[in-house]
Amino acid sequence: MTLLTDILTFNETFVENKEYEKFETTKFPDKRVVILTCMDTRLVELVTEAMNFKNGDVKIVRNAGAIVNHPFGSIMRSLLVAVYQLQADEVLIVGHHDCGMGSLSSDVIIDAMKERGIQQEVVDTLRNAGIEVDKWLSGFNSVEESVEHSVKMVKSHPLMVDSIPIHGLVIDPSTGKLDLVVDGYKKEEAL
């Protein structure tokens with residue numbers, strides 16, 4: 001059996017037993033918050049539990065490193081949709097200690113790509129086309145600075161309303177302890 005077969009088999013039982021009922025909620029977050037956090041497996045449930053949120057309270061957007069690196073990419077679009085269509089009134093950007101994106105080198109990822117069959121010519125073509133592959137695949141040196149950068153990207157976005165507080169936090173994936181990096185209620189810090 002494959003992983004997909006296992007998933008589909010489990011899902012049949014899940015639906016038959018109506019186990020979905022405990023997750024029923026609306027598409028609007030009860031606490032009117034959207035969280036951008038990392039896709040790290042240690043954070044799947046920890047982030048919301050450490051903040052006292054339950055299913056239905058928040059919208060969650062995840063990517064590698066909780067990074068907003070393009071003002072018109074899918075992460076920023078998701079945050080804008082949460083604010084303008086799903087009634088989110090606050091944004092929390094939550095990075096974490098011991099993040100895989102910390103000090104990540106594009107060379108390491110490109111080498112791994114080549115080991116799995118991506119040809120150097122493909123990477124060279126992208127570079128020659130003006131795509132900054134190395135910058136795009138690089139990590140960060142400081143999670144706090146990365147969170148500050150993402151807060152600034154969201155706060156200064158031309159389509160983000162000024163009245164929305166954009167907060168920045170760093171969570172410890174071992175304990176759930178939160179450290180405040182940017183208090184979005186303080187306008188001078190969030191800019």
# chains A, B, ... in the order shown; residues from 1 in each chain; ligands from 1

call {"tool": "residues_around", "arguments": {"residues": "A:Ser146", "least_positions_apart": "2", "cutoff": "9 Å", "atoms": "only C-alpha atoms", "output": "PyMOL selection string"}}
result
chain A and resi 65-68+95+140-144+148-151

call {"tool": "residues_around", "arguments": {"residues": "stretch 120-134 of chain A", "least_positions_apart": "5", "cutoff": "10 Å", "atoms": "only C-alpha atoms", "output": "list of chain:residue names"}}
result
A:Ser105, A:Ser106, A:Asp107, A:Ile109, A:Ile110, A:Asp111, A:Met113, A:Lys114, A:Gly139

call {"tool": "closest_residue", "arguments": {"among": "A:Thr41, A:Leu36, A:Asp183, A:Asp30", "to": "A:Val61", "atoms": "only C-alpha atoms"}}
result
A:Leu36

call {"tool": "residues_around", "arguments": {"residues": "A:Leu169", "least_positions_apart": "6", "cutoff": "7 Å", "atoms": "only C-alpha atoms", "output": "VMD selection string"}}
result
chain A and resid 93 to 95 178 to 182

call {"tool": "select_by_dssp", "arguments": {"residues": "stretch 47-124 of chain A", "states": "helix (DSSP H, G or I)", "output": "ChimeraX atom specification"}}
result
/A:47-50,74-84,106-115,120-124

call {"tool": "atom_distance", "arguments": {"atom1": "atom CA of A:Val91", "atom2": "atom CA of A:His167"}}
result
6.1 Å

call {"tool": "select_by_dssp", "arguments": {"residues": "stretch 40-164 of chain A", "states": "strand (DSSP E)", "output": "PyMOL selection string"}}
result
chain A and resi 58-63+90-96

call {"tool": "closest_residue", "arguments": {"among": "A:Thr37, A:Thr2, A:Gln87, A:Thr175", "to": "A:Val147", "atoms": "only C-alpha atoms"}}
result
A:Thr37

call {"tool": "decode", "arguments": {"residues": "stretch 14-142 of chain A", "atoms": "C-alpha atoms", "output": "PDB file, in the first residue's frame"}}
result
ATOM      1  CA  PHE A  14     -13.288   9.278   9.057  1.00  0.00           C
ATOM      2  CA  VAL A  15     -16.266  10.393   6.950  1.00  0.00           C
ATOM      3  CA  GLU A  16     -18.418   7.330   7.760  1.00  0.00           C
ATOM      4  CA  ASN A  17     -17.926   7.936  11.498  1.00  0.00           C
ATOM      5  CA  LYS A  18     -18.652  11.661  11.072  1.00  0.00           C
ATOM      6  CA  GLU A  19     -15.387  12.547  12.790  1.00  0.00           C
ATOM      7  CA  TYR A  20     -15.447  15.801  10.825  1.00  0.00           C
ATOM      8  CA  GLU A  21     -18.244  17.156  13.029  1.00  0.00           C
ATOM      9  CA  LYS A  22     -15.829  18.259  15.775  1.00  0.00           C
ATOM     10  CA  PHE A  23     -14.092  20.513  13.211  1.00  0.00           C
ATOM     11  CA  GLU A  24     -17.209  22.264  11.912  1.00  0.00           C
ATOM     12  CA  THR A  25     -16.891  26.041  11.826  1.00  0.00           C
ATOM     13  CA  THR A  26     -17.382  28.872   9.341  1.00  0.00           C
ATOM     14  CA  LYS A  27     -14.826  30.219   6.882  1.00  0.00           C
ATOM     15  CA  PHE A  28     -14.517  33.373   8.989  1.00  0.00           C
ATOM     16  CA  PRO A  29     -12.040  33.327  11.897  1.00  0.00           C
ATOM     17  CA  ASP A  30     -13.811  33.839  15.228  1.00  0.00           C
ATOM     18  CA  LYS A  31     -10.857  35.814  16.644  1.00  0.00           C
ATOM     19  CA  ARG A  32     -10.494  37.788  13.384  1.00  0.00           C
ATOM     20  CA  VAL A  33      -6.784  36.966  13.100  1.00  0.00           C
ATOM     21  CA  VAL A  34      -4.591  35.607  10.323  1.00  0.00           C
ATOM     22  CA  ILE A  35      -1.281  33.956  11.239  1.00  0.00           C
ATOM     23  CA  LEU A  36       1.668  33.552   8.896  1.00  0.00           C
ATOM     24  CA  THR A  37       3.979  30.901  10.294  1.00  0.00           C
ATOM     25  CA  CYS A  38       6.498  28.323   9.171  1.00  0.00           C
ATOM     26  CA  MET A  39       5.594  24.931   7.726  1.00  0.00           C
ATOM     27  CA  ASP A  40       7.859  23.196  10.282  1.00  0.00           C
ATOM     28  CA  THR A  41       6.138  20.034  11.555  1.00  0.00           C
ATOM     29  CA  ARG A  42       6.791  21.017  15.173  1.00  0.00           C
ATOM     30  CA  LEU A  43       4.496  24.018  14.716  1.00  0.00           C
ATOM     31  CA  VAL A  44       1.458  22.339  13.169  1.00  0.00           C
ATOM     32  CA  GLU A  45      -0.509  22.355  16.424  1.00  0.00           C
ATOM     33  CA  LEU A  46       1.927  24.141  18.737  1.00  0.00           C
ATOM     34  CA  VAL A  47       1.449  27.659  17.340  1.00  0.00           C
ATOM     35  CA  THR A  48      -2.286  27.776  17.925  1.00  0.00           C
ATOM     36  CA  GLU A  49      -2.140  25.892  21.245  1.00  0.00           C
ATOM     37  CA  ALA A  50       0.566  28.234  22.592  1.00  0.00           C
ATOM     38  CA  MET A  51      -1.680  31.207  21.752  1.00  0.00           C
ATOM     39  CA  ASN A  52      -4.886  29.693  23.144  1.00  0.00           C
ATOM     40  CA  PHE A  53      -6.578  29.430  19.738  1.00  0.00           C
ATOM     41  CA  LYS A  54      -8.857  26.569  18.786  1.00  0.00           C
ATOM     42  CA  ASN A  55     -10.191  25.343  15.457  1.00  0.00           C
ATOM     43  CA  GLY A  56     -12.131  28.141  13.781  1.00  0.00           C
ATOM     44  CA  ASP A  57     -10.454  30.992  15.669  1.00  0.00           C
ATOM     45  CA  VAL A  58      -7.802  31.960  13.111  1.00  0.00           C
ATOM     46  CA  LYS A  59      -6.719  31.684   9.506  1.00  0.00           C
ATOM     47  CA  ILE A  60      -3.264  30.159   9.078  1.00  0.00           C
ATOM     48  CA  VAL A  61      -0.890  30.660   6.150  1.00  0.00           C
ATOM     49  CA  ARG A  62       2.310  28.595   6.121  1.00  0.00           C
ATOM     50  CA  ASN A  63       5.512  28.634   4.130  1.00  0.00           C
ATOM     51  CA  ALA A  64       9.196  27.892   4.641  1.00  0.00           C
ATOM     52  CA  GLY A  65      10.416  30.332   7.295  1.00  0.00           C
ATOM     53  CA  ALA A  66       7.236  32.438   7.646  1.00  0.00           C
ATOM     54  CA  ILE A  67       8.794  34.790   5.106  1.00  0.00           C
ATOM     55  CA  VAL A  68       7.099  37.418   2.963  1.00  0.00           C
ATOM     56  CA  ASN A  69       9.711  37.829   0.258  1.00  0.00           C
ATOM     57  CA  HIS A  70       7.632  39.176  -2.598  1.00  0.00           C
ATOM     58  CA  PRO A  71       5.020  41.940  -2.297  1.00  0.00           C
ATOM     59  CA  PHE A  72       2.825  40.341  -4.959  1.00  0.00           C
ATOM     60  CA  GLY A  73       3.414  36.655  -4.235  1.00  0.00           C
ATOM     61  CA  SER A  74       0.914  34.099  -2.977  1.00  0.00           C
ATOM     62  CA  ILE A  75       1.706  34.716   0.708  1.00  0.00           C
ATOM     63  CA  MET A  76       0.872  38.413   0.503  1.00  0.00           C
ATOM     64  CA  ARG A  77      -2.221  37.632  -1.568  1.00  0.00           C
ATOM     65  CA  SER A  78      -3.401  35.179   1.102  1.00  0.00           C
ATOM     66  CA  LEU A  79      -2.938  37.770   3.854  1.00  0.00           C
ATOM     67  CA  LEU A  80      -4.876  40.365   1.841  1.00  0.00           C
ATOM     68  CA  VAL A  81      -7.693  37.887   1.168  1.00  0.00           C
ATOM     69  CA  ALA A  82      -7.852  37.101   4.903  1.00  0.00           C
ATOM     70  CA  VAL A  83      -8.190  40.810   5.702  1.00  0.00           C
ATOM     71  CA  TYR A  84     -10.561  41.894   2.942  1.00  0.00           C
ATOM     72  CA  GLN A  85     -12.680  38.786   2.437  1.00  0.00           C
ATOM     73  CA  LEU A  86     -12.440  36.726   5.613  1.00  0.00           C
ATOM     74  CA  GLN A  87     -12.762  39.445   8.271  1.00  0.00           C
ATOM     75  CA  ALA A  88      -9.266  39.237   9.774  1.00  0.00           C
ATOM     76  CA  ASP A  89      -8.500  42.428  11.692  1.00  0.00           C
ATOM     77  CA  GLU A  90      -4.960  41.540  12.818  1.00  0.00           C
ATOM     78  CA  VAL A  91      -1.942  39.770  11.336  1.00  0.00           C
ATOM     79  CA  LEU A  92       0.537  37.701  13.346  1.00  0.00           C
ATOM     80  CA  ILE A  93       3.828  36.757  11.713  1.00  0.00           C
ATOM     81  CA  VAL A  94       5.359  33.939  13.735  1.00  0.00           C
ATOM     82  CA  GLY A  95       8.876  32.735  13.007  1.00  0.00           C
ATOM     83  CA  HIS A  96      10.631  30.167  15.174  1.00  0.00           C
ATOM     84  CA  HIS A  97      13.981  29.322  16.656  1.00  0.00           C
ATOM     85  CA  ASP A  98      15.917  26.442  15.065  1.00  0.00           C
ATOM     86  CA  CYS A  99      14.275  27.143  11.693  1.00  0.00           C
ATOM     87  CA  GLY A 100      15.567  25.241   8.678  1.00  0.00           C
ATOM     88  CA  MET A 101      15.636  28.504   6.734  1.00  0.00           C
ATOM     89  CA  GLY A 102      18.154  29.961   9.178  1.00  0.00           C
ATOM     90  CA  SER A 103      21.479  30.407   7.375  1.00  0.00           C
ATOM     91  CA  LEU A 104      20.264  28.189   4.524  1.00  0.00           C
ATOM     92  CA  SER A 105      22.499  28.414   1.478  1.00  0.00           C
ATOM     93  CA  SER A 106      21.091  28.280  -2.028  1.00  0.00           C
ATOM     94  CA  ASP A 107      24.090  26.115  -3.002  1.00  0.00           C
ATOM     95  CA  VAL A 108      22.874  23.380  -0.644  1.00  0.00           C
ATOM     96  CA  ILE A 109      19.402  23.341  -2.175  1.00  0.00           C
ATOM     97  CA  ILE A 110      20.696  23.514  -5.740  1.00  0.00           C
ATOM     98  CA  ASP A 111      23.078  20.611  -5.034  1.00  0.00           C
ATOM     99  CA  ALA A 112      20.136  18.592  -3.653  1.00  0.00           C
ATOM    100  CA  MET A 113      18.134  19.446  -6.779  1.00  0.00           C
ATOM    101  CA  LYS A 114      20.958  18.206  -8.984  1.00  0.00           C
ATOM    102  CA  GLU A 115      21.196  14.979  -6.967  1.00  0.00           C
ATOM    103  CA  ARG A 116      17.515  14.392  -7.738  1.00  0.00           C
ATOM    104  CA  GLY A 117      17.872  15.021 -11.461  1.00  0.00           C
ATOM    105  CA  ILE A 118      17.595  18.768 -12.079  1.00  0.00           C
ATOM    106  CA  GLN A 119      20.239  19.691 -14.633  1.00  0.00           C
ATOM    107  CA  GLN A 120      22.682  22.579 -14.073  1.00  0.00           C
ATOM    108  CA  GLU A 121      21.513  23.953 -17.442  1.00  0.00           C
ATOM    109  CA  VAL A 122      18.032  24.532 -15.991  1.00  0.00           C
ATOM    110  CA  VAL A 123      19.479  26.553 -13.107  1.00  0.00           C
ATOM    111  CA  ASP A 124      21.724  28.482 -15.523  1.00  0.00           C
ATOM    112  CA  THR A 125      18.767  29.223 -17.814  1.00  0.00           C
ATOM    113  CA  LEU A 126      16.773  30.627 -14.898  1.00  0.00           C
ATOM    114  CA  ARG A 127      19.710  32.788 -13.820  1.00  0.00           C
ATOM    115  CA  ASN A 128      20.238  34.009 -17.389  1.00  0.00           C
ATOM    116  CA  ALA A 129      16.539  34.865 -17.621  1.00  0.00           C
ATOM    117  CA  GLY A 130      16.962  37.326 -14.756  1.00  0.00           C
ATOM    118  CA  ILE A 131      15.532  35.122 -12.026  1.00  0.00           C
ATOM    119  CA  GLU A 132      17.552  35.556  -8.846  1.00  0.00           C
ATOM    120  CA  VAL A 133      17.530  31.844  -8.004  1.00  0.00           C
ATOM    121  CA  ASP A 134      20.250  32.141  -5.369  1.00  0.00           C
ATOM    122  CA  LYS A 135      18.473  34.957  -3.535  1.00  0.00           C
ATOM    123  CA  TRP A 136      15.118  33.186  -3.841  1.00  0.00           C
ATOM    124  CA  LEU A 137      16.479  29.974  -2.320  1.00  0.00           C
ATOM    125  CA  SER A 138      18.536  31.590   0.457  1.00  0.00           C
ATOM    126  CA  GLY A 139      17.552  31.613   4.089  1.00  0.00           C
ATOM    127  CA  PHE A 140      18.165  34.195   6.799  1.00  0.00           C
ATOM    128  CA  ASN A 141      20.786  34.746   9.484  1.00  0.00           C
ATOM    129  CA  SER A 142      18.466  36.000  12.238  1.00  0.00           C
TER     130      SER A 142
END
